[in-house]
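Undergrad: mmCIF, N, CA and C atoms, file upload.cif:
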data_entry
#
loop_
_atom_site.label_atom_id
_atom_site.label_comp_id
_atom_site.auth_asym_id
_atom_site.auth_seq_id
_atom_site.Cartn_x
_atom_site.Cartn_y
_atom_site.Cartn_z
N MET A 1 -18.15 -11.65 -145.05
CA MET A 1 -19.53 -11.42 -145.47
C MET A 1 -19.55 -10.74 -146.82
N CYS A 2 -20.67 -10.91 -147.46
CA CYS A 2 -20.87 -10.30 -148.78
C CYS A 2 -21.41 -8.90 -148.64
N SER A 3 -21.10 -8.11 -149.62
CA SER A 3 -21.66 -6.77 -149.69
C SER A 3 -23.11 -6.88 -150.20
N PRO A 4 -23.89 -5.81 -150.11
CA PRO A 4 -25.27 -5.85 -150.63
C PRO A 4 -25.32 -6.20 -152.11
N ALA A 5 -24.34 -5.77 -152.87
CA ALA A 5 -24.32 -6.09 -154.30
C ALA A 5 -24.11 -7.59 -154.50
N CYS A 6 -23.28 -8.19 -153.68
CA CYS A 6 -23.01 -9.63 -153.75
C CYS A 6 -24.28 -10.41 -153.40
N THR A 7 -24.99 -9.96 -152.40
CA THR A 7 -26.23 -10.62 -151.98
C THR A 7 -27.28 -10.54 -153.10
N GLN A 8 -27.37 -9.38 -153.73
CA GLN A 8 -28.33 -9.22 -154.83
C GLN A 8 -27.96 -10.14 -156.00
N PHE A 9 -26.67 -10.28 -156.25
CA PHE A 9 -26.23 -11.15 -157.34
C PHE A 9 -26.61 -12.60 -157.04
N ARG A 10 -26.40 -13.04 -155.80
CA ARG A 10 -26.77 -14.40 -155.42
C ARG A 10 -28.27 -14.62 -155.55
N MET A 11 -29.06 -13.62 -155.13
CA MET A 11 -30.51 -13.73 -155.24
C MET A 11 -30.94 -13.82 -156.70
N ALA A 12 -30.30 -13.05 -157.54
CA ALA A 12 -30.63 -13.06 -158.96
C ALA A 12 -30.32 -14.43 -159.55
N ARG A 13 -29.19 -15.02 -159.17
CA ARG A 13 -28.83 -16.35 -159.67
C ARG A 13 -29.81 -17.39 -159.17
N THR A 14 -30.25 -17.27 -157.93
CA THR A 14 -31.21 -18.20 -157.35
C THR A 14 -32.55 -18.10 -158.09
N MET A 15 -32.99 -16.88 -158.37
CA MET A 15 -34.25 -16.68 -159.08
C MET A 15 -34.15 -17.22 -160.51
N GLU A 16 -33.00 -17.01 -161.14
CA GLU A 16 -32.79 -17.53 -162.49
C GLU A 16 -32.82 -19.05 -162.49
N SER A 17 -32.21 -19.65 -161.49
CA SER A 17 -32.21 -21.10 -161.36
C SER A 17 -33.63 -21.63 -161.15
N LEU A 18 -34.39 -20.95 -160.32
CA LEU A 18 -35.78 -21.34 -160.05
C LEU A 18 -36.62 -21.21 -161.33
N ALA A 19 -36.42 -20.15 -162.06
CA ALA A 19 -37.16 -19.94 -163.31
C ALA A 19 -36.85 -21.05 -164.32
N LYS A 20 -35.59 -21.46 -164.39
CA LYS A 20 -35.21 -22.54 -165.30
C LYS A 20 -35.87 -23.85 -164.89
N LYS A 21 -35.93 -24.13 -163.60
CA LYS A 21 -36.56 -25.35 -163.12
C LYS A 21 -38.06 -25.34 -163.41
N ILE A 22 -38.69 -24.21 -163.22
CA ILE A 22 -40.12 -24.10 -163.51
C ILE A 22 -40.36 -24.29 -165.00
N PHE A 23 -39.55 -23.67 -165.83
CA PHE A 23 -39.68 -23.80 -167.28
C PHE A 23 -39.51 -25.26 -167.71
N LYS A 24 -38.50 -25.93 -167.16
CA LYS A 24 -38.27 -27.34 -167.50
C LYS A 24 -39.45 -28.20 -167.06
N GLY A 25 -40.00 -27.90 -165.90
CA GLY A 25 -41.16 -28.66 -165.43
C GLY A 25 -42.36 -28.48 -166.34
N ILE A 26 -42.61 -27.25 -166.76
CA ILE A 26 -43.72 -26.99 -167.68
C ILE A 26 -43.48 -27.66 -169.01
N LEU A 27 -42.26 -27.61 -169.50
CA LEU A 27 -41.92 -28.25 -170.77
C LEU A 27 -42.14 -29.76 -170.70
N VAL A 28 -41.71 -30.38 -169.62
CA VAL A 28 -41.90 -31.83 -169.45
C VAL A 28 -43.40 -32.16 -169.39
N ALA A 29 -44.17 -31.35 -168.66
CA ALA A 29 -45.62 -31.59 -168.56
C ALA A 29 -46.28 -31.47 -169.94
N GLU A 30 -45.86 -30.50 -170.73
CA GLU A 30 -46.40 -30.34 -172.08
C GLU A 30 -46.07 -31.55 -172.96
N LEU A 31 -44.83 -32.01 -172.89
CA LEU A 31 -44.43 -33.17 -173.69
C LEU A 31 -45.19 -34.42 -173.29
N VAL A 32 -45.37 -34.63 -172.00
CA VAL A 32 -46.15 -35.78 -171.52
C VAL A 32 -47.58 -35.68 -172.04
N GLY A 33 -48.15 -34.49 -172.01
CA GLY A 33 -49.50 -34.29 -172.53
C GLY A 33 -49.62 -34.57 -174.01
N VAL A 34 -48.67 -34.11 -174.79
CA VAL A 34 -48.70 -34.32 -176.24
C VAL A 34 -48.55 -35.81 -176.56
N PHE A 35 -47.59 -36.47 -175.94
CA PHE A 35 -47.41 -37.90 -176.20
C PHE A 35 -48.59 -38.71 -175.69
N GLY A 36 -49.17 -38.31 -174.57
CA GLY A 36 -50.36 -38.99 -174.06
C GLY A 36 -51.53 -38.87 -175.01
N ALA A 37 -51.74 -37.67 -175.54
CA ALA A 37 -52.83 -37.44 -176.49
C ALA A 37 -52.59 -38.24 -177.77
N TYR A 38 -51.35 -38.29 -178.23
CA TYR A 38 -51.02 -39.06 -179.43
C TYR A 38 -51.30 -40.55 -179.20
N PHE A 39 -50.85 -41.07 -178.06
CA PHE A 39 -51.07 -42.48 -177.74
C PHE A 39 -52.57 -42.79 -177.67
N LEU A 40 -53.33 -41.93 -177.00
CA LEU A 40 -54.77 -42.13 -176.86
C LEU A 40 -55.46 -42.10 -178.22
N PHE A 41 -55.11 -41.13 -179.07
CA PHE A 41 -55.71 -41.05 -180.39
C PHE A 41 -55.38 -42.29 -181.23
N THR A 42 -54.13 -42.70 -181.20
CA THR A 42 -53.71 -43.87 -181.97
C THR A 42 -54.44 -45.12 -181.50
N LYS A 43 -54.56 -45.28 -180.20
CA LYS A 43 -55.25 -46.45 -179.65
C LYS A 43 -56.73 -46.43 -180.05
N MET A 44 -57.38 -45.27 -179.97
CA MET A 44 -58.78 -45.18 -180.36
C MET A 44 -58.94 -45.38 -181.87
N ASN A 45 -57.98 -44.94 -182.63
CA ASN A 45 -58.06 -45.02 -184.09
C ASN A 45 -57.89 -46.44 -184.60
N THR A 46 -57.27 -47.30 -183.81
CA THR A 46 -56.97 -48.66 -184.28
C THR A 46 -57.80 -49.74 -183.60
N SER A 47 -58.53 -49.42 -182.53
CA SER A 47 -59.22 -50.46 -181.78
C SER A 47 -60.67 -50.06 -181.47
N GLN A 48 -61.58 -50.78 -182.08
CA GLN A 48 -63.00 -50.53 -181.82
C GLN A 48 -63.35 -50.92 -180.38
N ASP A 49 -62.73 -51.97 -179.87
CA ASP A 49 -62.98 -52.38 -178.49
C ASP A 49 -62.53 -51.30 -177.51
N PHE A 50 -61.40 -50.66 -177.79
CA PHE A 50 -60.93 -49.58 -176.93
C PHE A 50 -61.89 -48.40 -176.99
N ARG A 51 -62.44 -48.12 -178.17
CA ARG A 51 -63.44 -47.05 -178.29
C ARG A 51 -64.68 -47.37 -177.46
N GLN A 52 -65.06 -48.65 -177.41
CA GLN A 52 -66.21 -49.03 -176.60
C GLN A 52 -65.90 -48.83 -175.11
N THR A 53 -64.69 -49.16 -174.70
CA THR A 53 -64.28 -48.92 -173.32
C THR A 53 -64.31 -47.43 -173.01
N MET A 54 -63.80 -46.63 -173.94
CA MET A 54 -63.82 -45.17 -173.75
C MET A 54 -65.25 -44.65 -173.70
N ASN A 55 -66.14 -45.26 -174.47
CA ASN A 55 -67.54 -44.85 -174.47
C ASN A 55 -68.18 -45.08 -173.11
N LYS A 56 -67.79 -46.16 -172.46
CA LYS A 56 -68.35 -46.48 -171.14
C LYS A 56 -67.75 -45.60 -170.04
N LYS A 57 -66.44 -45.37 -170.10
CA LYS A 57 -65.75 -44.67 -169.01
C LYS A 57 -65.63 -43.17 -169.22
N PHE A 58 -65.30 -42.75 -170.44
CA PHE A 58 -65.06 -41.34 -170.76
C PHE A 58 -65.75 -40.95 -172.06
N PRO A 59 -67.08 -40.89 -172.10
CA PRO A 59 -67.77 -40.61 -173.36
C PRO A 59 -67.42 -39.25 -173.97
N PHE A 60 -67.09 -38.27 -173.14
CA PHE A 60 -66.75 -36.94 -173.66
C PHE A 60 -65.46 -36.98 -174.49
N ILE A 61 -64.52 -37.84 -174.12
CA ILE A 61 -63.27 -37.96 -174.89
C ILE A 61 -63.57 -38.62 -176.24
N LEU A 62 -64.46 -39.61 -176.23
CA LEU A 62 -64.82 -40.28 -177.48
C LEU A 62 -65.53 -39.32 -178.42
N LYS A 63 -66.35 -38.43 -177.88
CA LYS A 63 -67.03 -37.43 -178.72
C LYS A 63 -66.02 -36.51 -179.40
N VAL A 64 -64.99 -36.12 -178.67
CA VAL A 64 -63.93 -35.29 -179.25
C VAL A 64 -63.21 -36.06 -180.35
N TYR A 65 -62.95 -37.34 -180.13
CA TYR A 65 -62.31 -38.17 -181.15
C TYR A 65 -63.16 -38.22 -182.41
N TYR A 66 -64.45 -38.50 -182.25
CA TYR A 66 -65.35 -38.58 -183.41
C TYR A 66 -65.39 -37.25 -184.17
N LYS A 67 -65.48 -36.15 -183.44
CA LYS A 67 -65.53 -34.84 -184.09
C LYS A 67 -64.24 -34.56 -184.87
N SER A 68 -63.11 -34.92 -184.28
CA SER A 68 -61.83 -34.63 -184.94
C SER A 68 -61.67 -35.45 -186.21
N ILE A 69 -62.05 -36.72 -186.19
CA ILE A 69 -61.89 -37.52 -187.41
C ILE A 69 -62.93 -37.14 -188.46
N GLU A 70 -64.11 -36.71 -188.01
CA GLU A 70 -65.11 -36.26 -188.99
C GLU A 70 -64.67 -34.97 -189.66
N GLN A 71 -64.03 -34.09 -188.91
CA GLN A 71 -63.51 -32.86 -189.52
C GLN A 71 -62.36 -33.15 -190.48
N ALA A 72 -61.68 -34.27 -190.23
CA ALA A 72 -60.59 -34.67 -191.12
C ALA A 72 -61.11 -35.38 -192.36
N GLY A 73 -62.43 -35.58 -192.44
CA GLY A 73 -63.01 -36.18 -193.63
C GLY A 73 -63.29 -37.67 -193.53
N MET A 74 -63.09 -38.26 -192.38
CA MET A 74 -63.36 -39.69 -192.19
C MET A 74 -64.74 -39.83 -191.54
N HIS A 75 -65.73 -40.19 -192.34
CA HIS A 75 -67.09 -40.30 -191.85
C HIS A 75 -67.50 -41.76 -191.73
N GLY A 76 -68.44 -42.03 -190.84
CA GLY A 76 -69.02 -43.36 -190.74
C GLY A 76 -68.48 -44.21 -189.60
N ILE A 77 -67.41 -43.81 -188.96
CA ILE A 77 -66.84 -44.63 -187.89
C ILE A 77 -67.77 -44.65 -186.68
N ARG A 78 -68.33 -43.51 -186.33
CA ARG A 78 -69.27 -43.44 -185.21
C ARG A 78 -70.45 -44.39 -185.46
N GLU A 79 -70.99 -44.36 -186.67
CA GLU A 79 -72.14 -45.20 -187.00
C GLU A 79 -71.77 -46.68 -186.97
N GLN A 80 -70.58 -47.03 -187.47
CA GLN A 80 -70.13 -48.42 -187.43
C GLN A 80 -70.00 -48.90 -185.99
N ASP A 81 -69.43 -48.07 -185.14
CA ASP A 81 -69.28 -48.43 -183.74
C ASP A 81 -70.64 -48.64 -183.08
N GLN A 82 -71.54 -47.71 -183.29
CA GLN A 82 -72.87 -47.82 -182.67
C GLN A 82 -73.60 -49.06 -183.16
N GLN A 83 -73.47 -49.37 -184.46
CA GLN A 83 -74.12 -50.56 -185.01
C GLN A 83 -73.55 -51.83 -184.38
N LYS A 84 -72.23 -51.91 -184.27
CA LYS A 84 -71.60 -53.10 -183.70
C LYS A 84 -71.99 -53.25 -182.23
N TRP A 85 -71.99 -52.15 -181.47
CA TRP A 85 -72.31 -52.23 -180.06
C TRP A 85 -73.79 -52.60 -179.86
N LEU A 86 -74.65 -52.12 -180.73
CA LEU A 86 -76.07 -52.46 -180.66
C LEU A 86 -76.27 -53.95 -180.97
N ASN A 87 -75.57 -54.45 -182.00
CA ASN A 87 -75.67 -55.86 -182.36
C ASN A 87 -75.11 -56.78 -181.28
N SER A 88 -74.06 -56.33 -180.59
CA SER A 88 -73.47 -57.16 -179.54
C SER A 88 -74.37 -57.25 -178.30
N LYS A 89 -75.24 -56.27 -178.10
CA LYS A 89 -76.18 -56.32 -176.98
C LYS A 89 -77.29 -57.31 -177.26
N ASN A 90 -77.65 -57.48 -178.53
CA ASN A 90 -78.77 -58.37 -178.89
C ASN A 90 -78.32 -59.77 -179.06
#
In structure tokens, write the structure found in this file.
TA:
Amino acid sequence: MCSPACTQFRMARTMESLAKKIFKGILVAELVGVFGAYFLFTKMNTSQDFRQTMNKKFPFILKVYYKSIEQAGMHGIREQDQQKWLNSKN
């Protein structure tokens, strides 16, 4: 059998191992989130049809996209989209 000091050492190693696993899990989740956001932004930035789909399903995400590109100095995309969608209804 192990002495109390040996047991404490094993517990410390177990806790350290658990902390590493949790850290790796959080890191992977963050990376998935960053790449997902990049993919979504790129897709919205290159496809007006995809923006229309986003407008129907997730309008709040499209509003964030419009605000971000307008802050970056790209104006008029929202208006172009609305004009095209209005014309396609008629």
Undergrad: Which residue is closest to Arg78 (chain A)? Choose from A:Tyr66, A:Phe60, A:Phe23, A:Phe41 and count all atoms listed in the file.
TA: A:Tyr66
Undergrad: In Å, rounded to a single decimal, give me how far CA of Ile61 (chain A) is from atom C of Ile77 (chain A).
TA: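 So the answer is 14.3 Å.
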Undergrad: Between atom C of Asn45 (chain A) and CA of Tyr65 (chain A), what distance in Å does the model show, to one decimal?
TA: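 Atom-to-atom, atom C of Asn45 (chain A) to CA of Tyr65 (chain A), that is 10.0 Å.
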Undergrad: Provide the CA of Val32 (chain A) to CA of Gln52 (chain A) distance in Å, to one decimal place.
TA: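 A separation of 24.6 Å between them.
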Undergrad: Out of A:Ser17, A:Asn87, A:Gln80, A:Gln71, which residue has the shortest atom-to-atom distance to Gln48 (chain A) when counting only C-alpha atoms?
TA: A:Gln80
Undergrad: I'd like the box whose edges run along x, y and z of the file and which contains every listed atom of region 59-72 of chain A, padded by 3 Å per side; could you state its centre and edge lengths in Å, one decimal, as AutoDock Vina command-line options?
TA:
--center_x -64.2 --center_y -36.9 --center_z -182.2 --size_x 13.2 --size_y 14.0 --size_z 26.3
Undergrad: Kindly write region 59-72 of chain A with all heavy atoms to a file, as an mmCIF file, in the first residue's frame.
TA:
data_model
loop_
_atom_site.group_PDB
_atom_site.id
_atom_site.type_symbol
_atom_site.label_atom_id
_atom_site.label_comp_id
_atom_site.auth_asym_id
_atom_site.auth_seq_id
_atom_site.Cartn_x
_atom_site.Cartn_y
_atom_site.Cartn_z
ATOM 1 N N PRO A 59 -31.791 36.091 -39.056
ATOM 2 C CA PRO A 59 -31.608 37.511 -39.383
ATOM 3 C C PRO A 59 -30.668 38.249 -38.434
ATOM 4 O O PRO A 59 -29.989 39.191 -38.838
ATOM 5 C CB PRO A 59 -33.029 38.075 -39.323
ATOM 6 C CG PRO A 59 -33.825 37.094 -38.559
ATOM 7 C CD PRO A 59 -33.175 35.765 -38.747
ATOM 8 N N PHE A 60 -30.588 37.823 -37.179
ATOM 9 C CA PHE A 60 -29.700 38.492 -36.223
ATOM 10 C C PHE A 60 -28.230 38.319 -36.609
ATOM 11 O O PHE A 60 -27.420 39.222 -36.405
ATOM 12 C CB PHE A 60 -29.958 38.012 -34.794
ATOM 13 C CG PHE A 60 -29.747 36.530 -34.603
ATOM 14 C CD1 PHE A 60 -28.541 36.044 -34.158
ATOM 15 C CD2 PHE A 60 -30.765 35.630 -34.871
ATOM 16 C CE1 PHE A 60 -28.326 34.686 -33.981
ATOM 17 C CE2 PHE A 60 -30.574 34.270 -34.692
ATOM 18 C CZ PHE A 60 -29.358 33.791 -34.250
ATOM 19 N N ILE A 61 -27.877 37.181 -37.193
ATOM 20 C CA ILE A 61 -26.494 36.960 -37.632
ATOM 21 C C ILE A 61 -26.185 37.860 -38.825
ATOM 22 O O ILE A 61 -25.105 38.442 -38.918
ATOM 23 C CB ILE A 61 -26.248 35.473 -37.973
ATOM 24 C CG1 ILE A 61 -26.345 34.627 -36.703
ATOM 25 C CG2 ILE A 61 -24.892 35.279 -38.652
ATOM 26 C CD1 ILE A 61 -26.219 33.142 -36.930
ATOM 27 N N LEU A 62 -27.160 38.004 -39.728
ATOM 28 C CA LEU A 62 -26.955 38.867 -40.886
ATOM 29 C C LEU A 62 -26.793 40.324 -40.462
ATOM 30 O O LEU A 62 -25.976 41.052 -41.030
ATOM 31 C CB LEU A 62 -28.112 38.723 -41.870
ATOM 32 C CG LEU A 62 -27.918 39.396 -43.216
ATOM 33 C CD1 LEU A 62 -26.734 38.781 -43.964
ATOM 34 C CD2 LEU A 62 -29.167 39.295 -44.055
ATOM 35 N N LYS A 63 -27.522 40.743 -39.438
ATOM 36 C CA LYS A 63 -27.374 42.119 -38.936
ATOM 37 C C LYS A 63 -25.962 42.351 -38.404
ATOM 38 O O LYS A 63 -25.367 43.404 -38.628
ATOM 39 C CB LYS A 63 -28.407 42.412 -37.848
ATOM 40 C CG LYS A 63 -29.797 42.586 -38.387
ATOM 41 C CD LYS A 63 -30.778 42.878 -37.276
ATOM 42 C CE LYS A 63 -32.197 42.950 -37.826
ATOM 43 N NZ LYS A 63 -33.183 43.210 -36.777
ATOM 44 N N VAL A 64 -25.418 41.365 -37.710
ATOM 45 C CA VAL A 64 -24.044 41.476 -37.206
ATOM 46 C C VAL A 64 -23.065 41.560 -38.378
ATOM 47 O O VAL A 64 -22.124 42.356 -38.351
ATOM 48 C CB VAL A 64 -23.698 40.287 -36.282
ATOM 49 C CG1 VAL A 64 -22.223 40.265 -35.935
ATOM 50 C CG2 VAL A 64 -24.543 40.330 -35.021
ATOM 51 N N TYR A 65 -23.294 40.771 -39.415
ATOM 52 C CA TYR A 65 -22.444 40.819 -40.604
ATOM 53 C C TYR A 65 -22.476 42.210 -41.229
ATOM 54 O O TYR A 65 -21.432 42.798 -41.528
ATOM 55 C CB TYR A 65 -22.897 39.763 -41.617
ATOM 56 C CG TYR A 65 -22.307 39.953 -42.984
ATOM 57 C CD1 TYR A 65 -20.987 39.606 -43.243
ATOM 58 C CD2 TYR A 65 -23.051 40.510 -44.022
ATOM 59 C CE1 TYR A 65 -20.427 39.802 -44.499
ATOM 60 C CE2 TYR A 65 -22.503 40.706 -45.270
ATOM 61 C CZ TYR A 65 -21.193 40.344 -45.503
ATOM 62 O OH TYR A 65 -20.642 40.545 -46.743
ATOM 63 N N TYR A 66 -23.683 42.744 -41.434
ATOM 64 C CA TYR A 66 -23.809 44.078 -42.035
ATOM 65 C C TYR A 66 -23.106 45.142 -41.190
ATOM 66 O O TYR A 66 -22.399 45.999 -41.709
ATOM 67 C CB TYR A 66 -25.273 44.461 -42.218
ATOM 68 C CG TYR A 66 -25.978 43.753 -43.354
ATOM 69 C CD1 TYR A 66 -27.286 43.319 -43.213
ATOM 70 C CD2 TYR A 66 -25.360 43.531 -44.575
ATOM 71 C CE1 TYR A 66 -27.953 42.683 -44.246
ATOM 72 C CE2 TYR A 66 -26.014 42.895 -45.613
ATOM 73 C CZ TYR A 66 -27.315 42.471 -45.445
ATOM 74 O OH TYR A 66 -27.964 41.842 -46.475
ATOM 75 N N LYS A 67 -23.298 45.079 -39.877
ATOM 76 C CA LYS A 67 -22.657 46.067 -39.003
ATOM 77 C C LYS A 67 -21.133 45.970 -39.078
ATOM 78 O O LYS A 67 -20.439 46.982 -39.099
ATOM 79 C CB LYS A 67 -23.130 45.896 -37.559
ATOM 80 C CG LYS A 67 -24.521 46.419 -37.317
ATOM 81 C CD LYS A 67 -24.895 46.286 -35.873
ATOM 82 C CE LYS A 67 -26.313 46.784 -35.640
ATOM 83 N NZ LYS A 67 -26.707 46.701 -34.235
ATOM 84 N N SER A 68 -20.616 44.750 -39.118
ATOM 85 C CA SER A 68 -19.164 44.584 -39.135
ATOM 86 C C SER A 68 -18.559 45.100 -40.436
ATOM 87 O O SER A 68 -17.518 45.759 -40.419
ATOM 88 C CB SER A 68 -18.775 43.129 -38.896
ATOM 89 O OG SER A 68 -19.155 42.322 -39.989
ATOM 90 N N ILE A 69 -19.203 44.840 -41.568
ATOM 91 C CA ILE A 69 -18.621 45.320 -42.827
ATOM 92 C C ILE A 69 -18.812 46.825 -42.974
ATOM 93 O O ILE A 69 -17.987 47.486 -43.597
ATOM 94 C CB ILE A 69 -19.158 44.557 -44.056
ATOM 95 C CG1 ILE A 69 -20.651 44.743 -44.214
ATOM 96 C CG2 ILE A 69 -18.769 43.109 -44.002
ATOM 97 C CD1 ILE A 69 -21.181 44.232 -45.544
ATOM 98 N N GLU A 70 -19.896 47.360 -42.408
ATOM 99 C CA GLU A 70 -20.075 48.815 -42.463
ATOM 100 C C GLU A 70 -19.041 49.523 -41.601
ATOM 101 O O GLU A 70 -18.534 50.584 -41.962
ATOM 102 C CB GLU A 70 -21.499 49.182 -42.048
ATOM 103 C CG GLU A 70 -22.523 48.837 -43.131
ATOM 104 C CD GLU A 70 -23.964 48.912 -42.670
ATOM 105 O OE1 GLU A 70 -24.212 49.198 -41.471
ATOM 106 O OE2 GLU A 70 -24.855 48.674 -43.496
ATOM 107 N N GLN A 71 -18.700 48.934 -40.468
ATOM 108 C CA GLN A 71 -17.646 49.527 -39.635
ATOM 109 C C GLN A 71 -16.286 49.429 -40.306
ATOM 110 O O GLN A 71 -15.404 50.236 -40.045
ATOM 111 C CB GLN A 71 -17.608 48.866 -38.263
ATOM 112 C CG GLN A 71 -18.711 49.338 -37.354
ATOM 113 C CD GLN A 71 -18.485 48.903 -35.919
ATOM 114 O OE1 GLN A 71 -17.763 47.952 -35.645
ATOM 115 N NE2 GLN A 71 -19.094 49.620 -34.992
ATOM 116 N N ALA A 72 -16.144 48.440 -41.185
ATOM 117 C CA ALA A 72 -14.886 48.290 -41.918
ATOM 118 C C ALA A 72 -14.830 49.224 -43.120
ATOM 119 O O ALA A 72 -13.825 49.251 -43.833
ATOM 120 C CB ALA A 72 -14.710 46.845 -42.370
#
